[in-house]
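Structure data (compact mmCIF, C-alpha atoms and all ligand atoms) from input.txt:
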```
# COMPACT_ATOMS: atom_id res chain seq x y z
CA MET A 1018 86.82 -50.82 279.73
CA LEU A 1019 85.82 -50.30 276.09
CA GLU A 1020 82.96 -52.26 274.64
CA ILE A 1021 81.90 -51.92 271.02
CA SER A 1022 78.57 -53.52 270.31
CA HIS A 1023 76.93 -54.00 266.90
CA LEU A 1024 78.50 -50.78 265.62
CA SER A 1025 77.77 -49.71 262.04
CA LYS A 1026 78.44 -46.67 259.90
CA THR A 1027 76.99 -45.99 256.49
CA TYR A 1028 78.19 -42.93 254.59
CA THR A 1029 75.62 -41.45 252.29
CA SER A 1030 76.32 -39.00 249.51
CA GLY A 1031 75.03 -37.92 246.14
CA PHE A 1032 71.69 -36.46 245.19
CA LEU A 1033 69.04 -37.57 247.74
CA GLY A 1034 71.74 -39.55 249.55
CA ASN A 1035 71.41 -42.43 247.14
CA ARG A 1036 75.11 -43.32 247.14
CA ARG A 1037 75.86 -45.43 250.21
CA VAL A 1038 79.05 -46.96 251.59
CA ASP A 1039 78.76 -49.39 254.47
CA ALA A 1040 82.15 -48.56 255.99
CA VAL A 1041 81.63 -50.39 259.31
CA LYS A 1042 79.18 -53.29 259.57
CA ASP A 1043 77.91 -54.74 262.84
CA VAL A 1044 81.27 -54.64 264.62
CA SER A 1045 81.57 -55.92 268.20
CA PHE A 1046 84.65 -56.34 270.41
CA GLN A 1047 86.01 -55.41 273.82
CA ILE A 1048 89.28 -53.98 275.04
CA HIS A 1049 90.19 -54.77 278.63
CA SER A 1050 91.89 -52.36 280.95
CA GLY A 1051 95.65 -52.24 280.31
CA GLU A 1052 95.40 -54.41 277.20
CA ILE A 1053 97.03 -53.71 273.83
CA PHE A 1054 94.50 -54.71 271.19
CA GLY A 1055 95.54 -54.78 267.54
CA LEU A 1056 93.41 -54.02 264.50
CA ILE A 1057 94.51 -55.15 261.07
CA GLY A 1058 92.94 -55.02 257.64
CA GLU A 1059 93.68 -53.62 254.22
CA SER A 1060 93.19 -50.01 253.18
CA GLY A 1061 89.50 -49.10 253.04
CA SER A 1062 88.41 -51.85 255.43
CA GLY A 1063 86.92 -49.31 257.87
CA LYS A 1064 89.61 -48.93 260.55
CA THR A 1065 89.72 -45.14 260.50
CA THR A 1066 85.93 -44.88 260.48
CA LEU A 1067 85.84 -47.12 263.55
CA THR A 1068 88.43 -45.08 265.49
CA ARG A 1069 86.72 -41.81 264.57
CA MET A 1070 83.49 -43.11 266.07
CA ILE A 1071 85.28 -44.19 269.27
CA GLY A 1072 86.89 -40.73 269.49
CA GLY A 1073 83.53 -39.00 269.12
CA PHE A 1074 84.41 -37.36 265.79
CA LEU A 1075 81.80 -39.31 263.84
CA LYS A 1076 78.28 -40.43 264.78
CA PRO A 1077 77.59 -44.14 264.30
CA SER A 1078 74.59 -45.12 262.18
CA SER A 1079 73.73 -47.72 264.81
CA GLY A 1080 75.21 -49.64 267.71
CA GLU A 1081 76.77 -48.83 271.07
CA ILE A 1082 80.18 -47.74 272.33
CA THR A 1083 80.62 -48.06 276.08
CA PHE A 1084 83.72 -46.71 277.79
CA GLU A 1085 84.16 -47.22 281.52
CA GLY A 1086 80.42 -47.85 281.75
CA LYS A 1087 79.52 -44.66 279.87
CA ASN A 1088 77.58 -44.66 276.59
CA LEU A 1089 79.78 -42.59 274.25
CA VAL A 1090 77.17 -42.37 271.50
CA LYS A 1091 74.93 -40.32 273.78
CA ALA A 1092 77.66 -38.17 275.41
CA ASN A 1093 77.25 -34.39 275.08
CA ALA A 1094 79.99 -31.82 274.35
CA ARG A 1095 80.77 -31.19 278.04
CA GLU A 1096 81.10 -34.91 278.71
CA TRP A 1097 83.33 -35.27 275.64
CA HIS A 1098 85.70 -32.65 277.03
CA GLN A 1099 86.33 -34.95 280.01
CA LEU A 1100 86.30 -38.08 277.87
CA ARG A 1101 89.00 -36.70 275.56
CA GLN A 1102 91.32 -36.58 278.54
CA GLN A 1103 90.79 -40.32 278.98
CA ILE A 1104 90.81 -41.31 275.31
CA GLN A 1105 93.84 -39.97 273.50
CA PHE A 1106 95.13 -40.47 269.96
CA VAL A 1107 98.54 -40.98 268.41
CA PHE A 1108 98.43 -40.50 264.64
CA GLN A 1109 100.49 -41.53 261.65
CA HIS A 1110 101.61 -37.94 260.87
CA PRO A 1111 102.57 -36.42 264.24
CA GLN A 1112 103.58 -33.08 262.73
CA LEU A 1113 100.00 -32.49 261.59
CA THR A 1114 98.72 -32.62 265.18
CA PHE A 1115 100.85 -29.60 266.13
CA HIS A 1116 100.10 -25.98 265.37
CA PRO A 1117 102.67 -25.08 262.66
CA ARG A 1118 103.45 -21.65 264.14
CA ARG A 1119 103.69 -22.69 267.80
CA ASN A 1120 106.81 -24.19 269.32
CA ILE A 1121 107.27 -27.46 271.18
CA TYR A 1122 106.88 -25.80 274.57
CA PHE A 1123 103.47 -24.43 273.57
CA ALA A 1124 102.39 -27.78 272.12
CA CYS A 1125 103.09 -29.42 275.48
CA ALA A 1126 101.58 -26.61 277.55
CA GLU A 1127 98.28 -26.84 275.65
CA PRO A 1128 96.81 -29.93 277.39
CA ILE A 1129 98.12 -28.76 280.78
CA ARG A 1130 96.24 -25.46 280.37
CA LEU A 1131 93.16 -26.99 278.81
CA TYR A 1132 92.69 -29.51 281.60
CA HIS A 1133 94.22 -27.49 284.47
CA LEU A 1134 96.53 -30.37 285.29
CA ASP A 1135 98.37 -30.79 288.58
CA ARG A 1136 99.03 -27.42 290.07
CA HIS A 1137 101.57 -28.69 292.64
CA ILE A 1138 104.43 -28.08 290.27
CA SER A 1139 104.99 -25.32 287.75
CA GLU A 1140 104.03 -25.69 284.08
CA LYS A 1141 107.69 -25.55 283.14
CA ASP A 1142 108.59 -28.38 285.50
CA MET A 1143 105.71 -30.47 284.21
CA ILE A 1144 106.85 -30.01 280.62
CA ARG A 1145 110.46 -30.75 281.58
CA HIS A 1146 109.29 -33.96 283.24
CA MET A 1147 106.99 -35.08 280.42
CA LEU A 1148 109.56 -34.45 277.69
CA ARG A 1149 112.38 -36.05 279.65
CA ARG A 1150 110.34 -39.26 279.75
CA VAL A 1151 110.58 -39.40 275.96
CA GLY A 1152 114.18 -38.21 275.69
CA ILE A 1153 113.56 -34.63 274.51
CA SER A 1154 115.81 -32.11 276.21
CA GLU A 1155 115.20 -28.47 277.04
CA ASP A 1156 117.27 -27.18 274.11
CA GLN A 1157 114.50 -28.44 271.76
CA TRP A 1158 111.68 -26.51 273.43
CA HIS A 1159 111.92 -23.44 271.20
CA LYS A 1160 111.76 -25.44 267.95
CA TYR A 1161 108.78 -25.47 265.60
CA PRO A 1162 107.17 -28.66 264.23
CA HIS A 1163 108.94 -28.33 260.85
CA GLU A 1164 112.33 -28.07 262.62
CA ILE A 1165 112.20 -31.50 264.26
CA SER A 1166 112.39 -35.03 262.87
CA GLY A 1167 109.38 -37.32 262.45
CA GLY A 1168 110.62 -39.51 265.28
CA GLN A 1169 111.03 -36.54 267.63
CA ALA A 1170 107.59 -35.26 266.68
CA GLN A 1171 106.06 -38.67 267.41
CA ARG A 1172 107.82 -38.83 270.80
CA ILE A 1173 106.49 -35.39 271.69
CA ALA A 1174 102.98 -36.34 270.51
CA ILE A 1175 103.12 -39.44 272.73
CA ALA A 1176 104.41 -37.43 275.70
CA ARG A 1177 101.60 -34.94 275.22
CA ALA A 1178 98.96 -37.66 275.02
CA LEU A 1179 100.33 -39.42 278.11
CA SER A 1180 100.47 -36.19 280.13
CA LEU A 1181 96.69 -36.44 280.46
CA ASN A 1182 96.93 -39.91 282.03
CA PRO A 1183 94.53 -41.44 279.50
CA LYS A 1184 92.98 -44.85 280.07
CA LEU A 1185 92.90 -45.60 276.35
CA LEU A 1186 95.38 -44.62 273.66
CA ILE A 1187 94.28 -45.08 270.06
CA CYS A 1188 97.42 -45.54 267.98
CA ASP A 1189 96.59 -45.19 264.28
CA GLU A 1190 99.63 -46.37 262.31
CA PRO A 1191 101.99 -44.60 264.76
CA THR A 1192 105.20 -45.90 263.19
CA SER A 1193 104.40 -46.29 259.50
CA MET A 1194 106.04 -43.00 258.45
CA LEU A 1195 109.24 -43.57 260.42
CA ASP A 1196 112.61 -45.22 259.70
CA VAL A 1197 112.95 -48.74 261.02
CA SER A 1198 115.38 -47.75 263.80
CA VAL A 1199 113.07 -44.95 264.96
CA GLN A 1200 110.07 -47.28 264.74
CA ALA A 1201 111.64 -49.55 267.37
CA GLN A 1202 112.19 -46.55 269.67
CA ILE A 1203 108.55 -45.49 269.41
CA LEU A 1204 107.28 -49.02 270.01
CA ARG A 1205 109.50 -49.34 273.10
CA LEU A 1206 108.12 -46.04 274.36
CA LEU A 1207 104.52 -47.20 273.92
CA LEU A 1208 105.21 -50.56 275.55
CA ARG A 1209 106.87 -48.83 278.51
CA ALA A 1210 103.84 -46.54 278.90
CA ASN A 1211 101.58 -49.56 278.86
CA GLU A 1212 103.64 -51.32 281.53
CA LYS A 1213 104.15 -48.30 283.75
CA TYR A 1214 100.79 -46.53 283.52
CA HIS A 1215 98.64 -49.48 282.50
CA VAL A 1216 97.17 -47.49 279.60
CA ALA A 1217 95.13 -49.68 277.24
CA MET A 1218 95.72 -49.31 273.50
CA LEU A 1219 93.84 -49.85 270.29
CA PHE A 1220 96.75 -50.35 267.93
CA ILE A 1221 96.25 -50.11 264.18
CA SER A 1222 99.02 -51.11 261.84
CA HIS A 1223 99.56 -52.49 258.38
CA ASP A 1224 102.74 -54.05 259.70
CA LEU A 1225 101.91 -57.50 260.99
CA ASP A 1226 105.33 -57.86 262.65
CA VAL A 1227 104.60 -54.75 264.70
CA ILE A 1228 101.17 -56.09 265.69
CA ARG A 1229 102.69 -59.38 266.70
CA ALA A 1230 105.38 -57.65 268.75
CA VAL A 1231 103.17 -55.32 270.76
CA CYS A 1232 99.60 -56.68 270.96
CA GLN A 1233 98.01 -59.31 273.15
CA ARG A 1234 94.86 -59.77 271.05
CA VAL A 1235 93.99 -58.77 267.52
CA ALA A 1236 90.91 -58.27 265.35
CA VAL A 1237 90.95 -58.67 261.59
CA MET A 1238 88.80 -56.26 259.63
CA HIS A 1239 87.62 -56.90 256.08
CA LYS A 1240 85.12 -54.79 254.11
CA GLY A 1241 83.76 -53.16 257.27
CA GLU A 1242 83.37 -56.37 259.25
CA ILE A 1243 85.48 -58.04 261.89
CA VAL A 1244 86.00 -61.48 260.46
CA GLU A 1245 88.21 -62.87 263.22
CA THR A 1246 89.32 -61.96 266.76
CA GLY A 1247 91.66 -63.81 269.08
CA THR A 1248 94.98 -63.80 270.86
CA ILE A 1249 98.05 -63.18 268.75
CA GLU A 1250 98.94 -66.88 269.05
CA GLU A 1251 95.47 -67.95 267.89
CA VAL A 1252 95.14 -65.59 264.93
CA PHE A 1253 98.74 -65.75 263.69
CA GLY A 1254 99.30 -69.40 264.59
CA ASN A 1255 95.98 -70.86 263.51
CA PRO A 1256 93.95 -68.41 261.41
CA LYS A 1257 90.37 -69.54 260.86
CA HIS A 1258 88.96 -67.11 258.29
CA GLU A 1259 89.97 -67.27 254.63
CA TYR A 1260 90.74 -63.55 254.54
CA THR A 1261 93.09 -63.80 257.56
CA LYS A 1262 94.88 -66.72 255.90
CA LYS A 1263 95.33 -64.63 252.74
CA LEU A 1264 96.59 -61.64 254.71
CA LEU A 1265 99.11 -63.75 256.60
CA SER A 1266 100.37 -65.64 253.58
CA ALA A 1267 100.80 -62.37 251.62
CA HIS A 1268 102.87 -61.15 254.53
CA MET A 1269 105.06 -64.29 254.52
CA GLU A 1270 105.84 -63.77 250.82
CA VAL A 1271 107.20 -60.22 251.32
N1 LIG A 1301 83.56 -39.30 254.44
C1 LIG A 1301 83.33 -40.38 253.70
N2 LIG A 1301 82.32 -40.39 252.80
C2 LIG A 1301 82.06 -41.50 252.05
N3 LIG A 1301 82.77 -42.64 252.15
C3 LIG A 1301 83.80 -42.69 253.00
C4 LIG A 1301 84.14 -41.56 253.83
N4 LIG A 1301 85.21 -41.92 254.59
C5 LIG A 1301 85.54 -43.19 254.26
N5 LIG A 1301 84.68 -43.66 253.32
C6 LIG A 1301 84.68 -45.02 252.72
O1 LIG A 1301 84.47 -45.95 253.79
C7 LIG A 1301 85.28 -47.11 253.62
C8 LIG A 1301 86.19 -47.29 254.85
O2 LIG A 1301 87.15 -46.24 254.90
P1 LIG A 1301 88.18 -46.05 256.10
O3 LIG A 1301 88.95 -44.80 255.84
O4 LIG A 1301 87.48 -46.16 257.38
O5 LIG A 1301 89.14 -47.33 255.90
P2 LIG A 1301 90.60 -47.64 256.50
O6 LIG A 1301 90.60 -49.10 256.79
O7 LIG A 1301 90.87 -46.74 257.62
O8 LIG A 1301 91.57 -47.32 255.31
P3 LIG A 1301 93.10 -46.78 255.37
O9 LIG A 1301 93.90 -47.89 255.98
O10 LIG A 1301 93.42 -46.53 253.93
O11 LIG A 1301 93.08 -45.54 256.20
C9 LIG A 1301 86.05 -46.91 252.31
O12 LIG A 1301 85.32 -47.55 251.30
C10 LIG A 1301 86.03 -45.41 252.11
O13 LIG A 1301 86.09 -45.08 250.74
```
Give the structure from the file, written as structure tokens.
Ligand SMILES: Nc1ncnc2c1ncn2[C@@H]1O[C@H](COP(=O)(O)OP(=O)(O)OP(=O)(O)O)[C@@H](O)[C@H]1O
Amino acid sequence: MLEISHLSKTYTSGFLGNRRVDAVKDVSFQIHSGEIFGLIGESGSGKTTLTRMIGGFLKPSSGEITFEGKNLVKANAREWHQLRQQIQFVFQHPQLTFHPRRNIYFACAEPIRLYHLDRHISEKDMIRHMLRRVGISEDQWHKYPHEISGGQAQRIAIARALSLNPKLLICDEPTSMLDVSVQAQILRLLLRANEKYHVAMLFISHDLDVIRAVCQRVAVMHKGEIVETGTIEEVFGNPKHEYTKKLLSAHMEV
């Protein structure tokens, strides 16, 4: 459903653009429908740059991104409006994705209004239903983002993303800011969504235990390149690349 082919991004800056950073270098991989695909690599390896290109927030320097047979690199603004319904994000800092002066009800009504979702039931009933799925009751609706916990905010962000019935959910460190007990809750929620709605996920995490627990396949990114891809068993059980071996052994020592 998602095919990344020879994707590269070079940032240029400085006078005459003479300072260059090759953030993503000739990256290729595929994510199948309903699959949870992990992406690991140290800070600065190019993970965020890659997801920003998939989400249409950044133009690649070269290469192709194909989603459900559509070339995302060439999509125009109108096409992106539809595509954003199908490709949703869950970020590390959920509170930042909400408008600080709008309450939870408004945050959840936003996608419903923007995409004119199912008109068979009222907006209120839709919001009740979507928040109940993530364990948020009606007495929280009037609260503002700063009045809820990080875990609650992440559950609401996930509910909001799922309300659009996306085919792909890009989870960029979705649990790294949360307490361990809350982390488990969020992971269970994402796994349930994957099982029930068959939503595919690109799952980025520094936490290798999390990757191992939720993903079927994983890619290892190092200095802008994917140095190794395989099933969790292959990569964790029998790493081939030196960098992967280093990453895994550093993890064992913690
Ligand atoms: N707007 C930009 N202009 C210039 N260089 C950038 C820009 N954004 C990122 N970079 C550089 O590109 C490289 C990849 O950065 P990126 O943020 O994609 O890595 P990352 O793996 O997501 O890191 P982290 O895990 O810390 O978020 C880094 O060397 C970074 O300094």
| Selection within 12 Å of ligand LIG 1301 (chain A) by only C-alpha atoms and all ligand atoms, output as a ChimeraX atom specification | /A:1025-1031,1034-1042,1056-1070,1074-1076,1108-1109,1189-1190,1193,1221-1224,1237-1243
| task | Using all atoms listed in the file, determine which residues lie at most 7 Å from segment 1124-1129 of chain A, disregarding the query and same-chain residues fewer than 5 positions distant; provide the list as a PyMOL selection string. | result | chain A and resi 1115+1119+1134+1144+1177
| query | So, counting all atoms listed in the file, which residue among A:Glu1245, A:Asp1226, A:Glu1052, A:Asp1156 is closest to Thr1192 of chain A? | reply | A:Asp1226
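Between atom CA of Ile1228 of chain A and atom CA of Leu1181 of chain A lies a distance of 25.0 Å.
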| task | To one decimal in Å, tell me the separation between atom CA of Arg1145 of chain A and atom CA of Ala1176 of chain A. | result |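 Going from atom CA of Arg1145 of chain A over to atom CA of Ala1176 of chain A covers 10.8 Å.
Distances here use only C-alpha atoms; by that measure, the residue among A:Gln1171, A:Ile1021, A:Met1218, A:Phe1054 closest to Lys1087 of chain A is A:Ile1021.
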| Gap from atom CA of Leu1186 of chain A to atom CA of Glu1096 of chain A - Å, one decimal |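 Atom-to-atom, atom CA of Leu1186 of chain A to atom CA of Glu1096 of chain A, that is 18.0 Å.
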| Of the candidates A:Ile1048, A:Ile1153, A:Ala1267, A:Leu1024, which one gets nearest to Arg1234 of chain A if we count all atoms listed in the file? | A:Ile1048
| query | Neighbours of Phe1253 of chain A within 12 Å (all atoms listed in the file; same-chain residues fewer than 6 positions away dropped), as JSON, numbers by chain? | reply | {"A": [1057, 1225, 1226, 1228, 1229, 1230, 1232, 1233, 1234, 1235, 1236, 1237, 1245, 1246, 1247, 1261, 1262, 1263, 1264, 1265, 1266, 1268, 1269]}
Expected file: the selected residues, C-alpha atoms, as a PDB file, in the frame of the given file:
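Result file follows (result.pdb):
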```pdb
ATOM      1  CA  ILE A1057      94.510 -55.150 261.070  1.00  0.00           C
ATOM      2  CA  LEU A1225     101.910 -57.500 260.990  1.00  0.00           C
ATOM      3  CA  ASP A1226     105.330 -57.860 262.650  1.00  0.00           C
ATOM      4  CA  ILE A1228     101.170 -56.090 265.690  1.00  0.00           C
ATOM      5  CA  ARG A1229     102.690 -59.380 266.700  1.00  0.00           C
ATOM      6  CA  ALA A1230     105.380 -57.650 268.750  1.00  0.00           C
ATOM      7  CA  CYS A1232      99.600 -56.680 270.960  1.00  0.00           C
ATOM      8  CA  GLN A1233      98.010 -59.310 273.150  1.00  0.00           C
ATOM      9  CA  ARG A1234      94.860 -59.770 271.050  1.00  0.00           C
ATOM     10  CA  VAL A1235      93.990 -58.770 267.520  1.00  0.00           C
ATOM     11  CA  ALA A1236      90.910 -58.270 265.350  1.00  0.00           C
ATOM     12  CA  VAL A1237      90.950 -58.670 261.590  1.00  0.00           C
ATOM     13  CA  GLU A1245      88.210 -62.870 263.220  1.00  0.00           C
ATOM     14  CA  THR A1246      89.320 -61.960 266.760  1.00  0.00           C
ATOM     15  CA  GLY A1247      91.660 -63.810 269.080  1.00  0.00           C
ATOM     16  CA  THR A1261      93.090 -63.800 257.560  1.00  0.00           C
ATOM     17  CA  LYS A1262      94.880 -66.720 255.900  1.00  0.00           C
ATOM     18  CA  LYS A1263      95.330 -64.630 252.740  1.00  0.00           C
ATOM     19  CA  LEU A1264      96.590 -61.640 254.710  1.00  0.00           C
ATOM     20  CA  LEU A1265      99.110 -63.750 256.600  1.00  0.00           C
ATOM     21  CA  SER A1266     100.370 -65.640 253.580  1.00  0.00           C
ATOM     22  CA  HIS A1268     102.870 -61.150 254.530  1.00  0.00           C
ATOM     23  CA  MET A1269     105.060 -64.290 254.520  1.00  0.00           C
TER      24      MET A1269
END
```
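Nearest residue to Ile1173 of chain A, choosing from A:His1023, A:Arg1150, A:His1049, A:Arg1209 and counting all atoms listed in the file: A:Arg1150.
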| request: Can you work out which one of A:Pro1111, A:Lys1184, A:Glu1212, A:Ser1154 has the shortest atom-to-atom distance to Ser1166 of chain A, counting only C-alpha atoms? | output: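 Closest to Ser1166 of chain A, using only C-alpha atoms: A:Pro1111.
Counting only C-alpha atoms and comparing A:Val1090, A:Ile1121, A:Leu1033, A:Leu1179, the residue that lies closest to His1215 of chain A is A:Leu1179.
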Edge lengths and centre in Å to one decimal, as JSON, is what I'm after for the box along x, y and z that holds all listed atoms of segment 1217-1225 of chain A once 4 Å is added on each side.
```
{"center_x": 98.3, "center_y": -53.4, "center_z": 267.8, "size_x": 16.9, "size_y": 16.2, "size_z": 26.9}
```
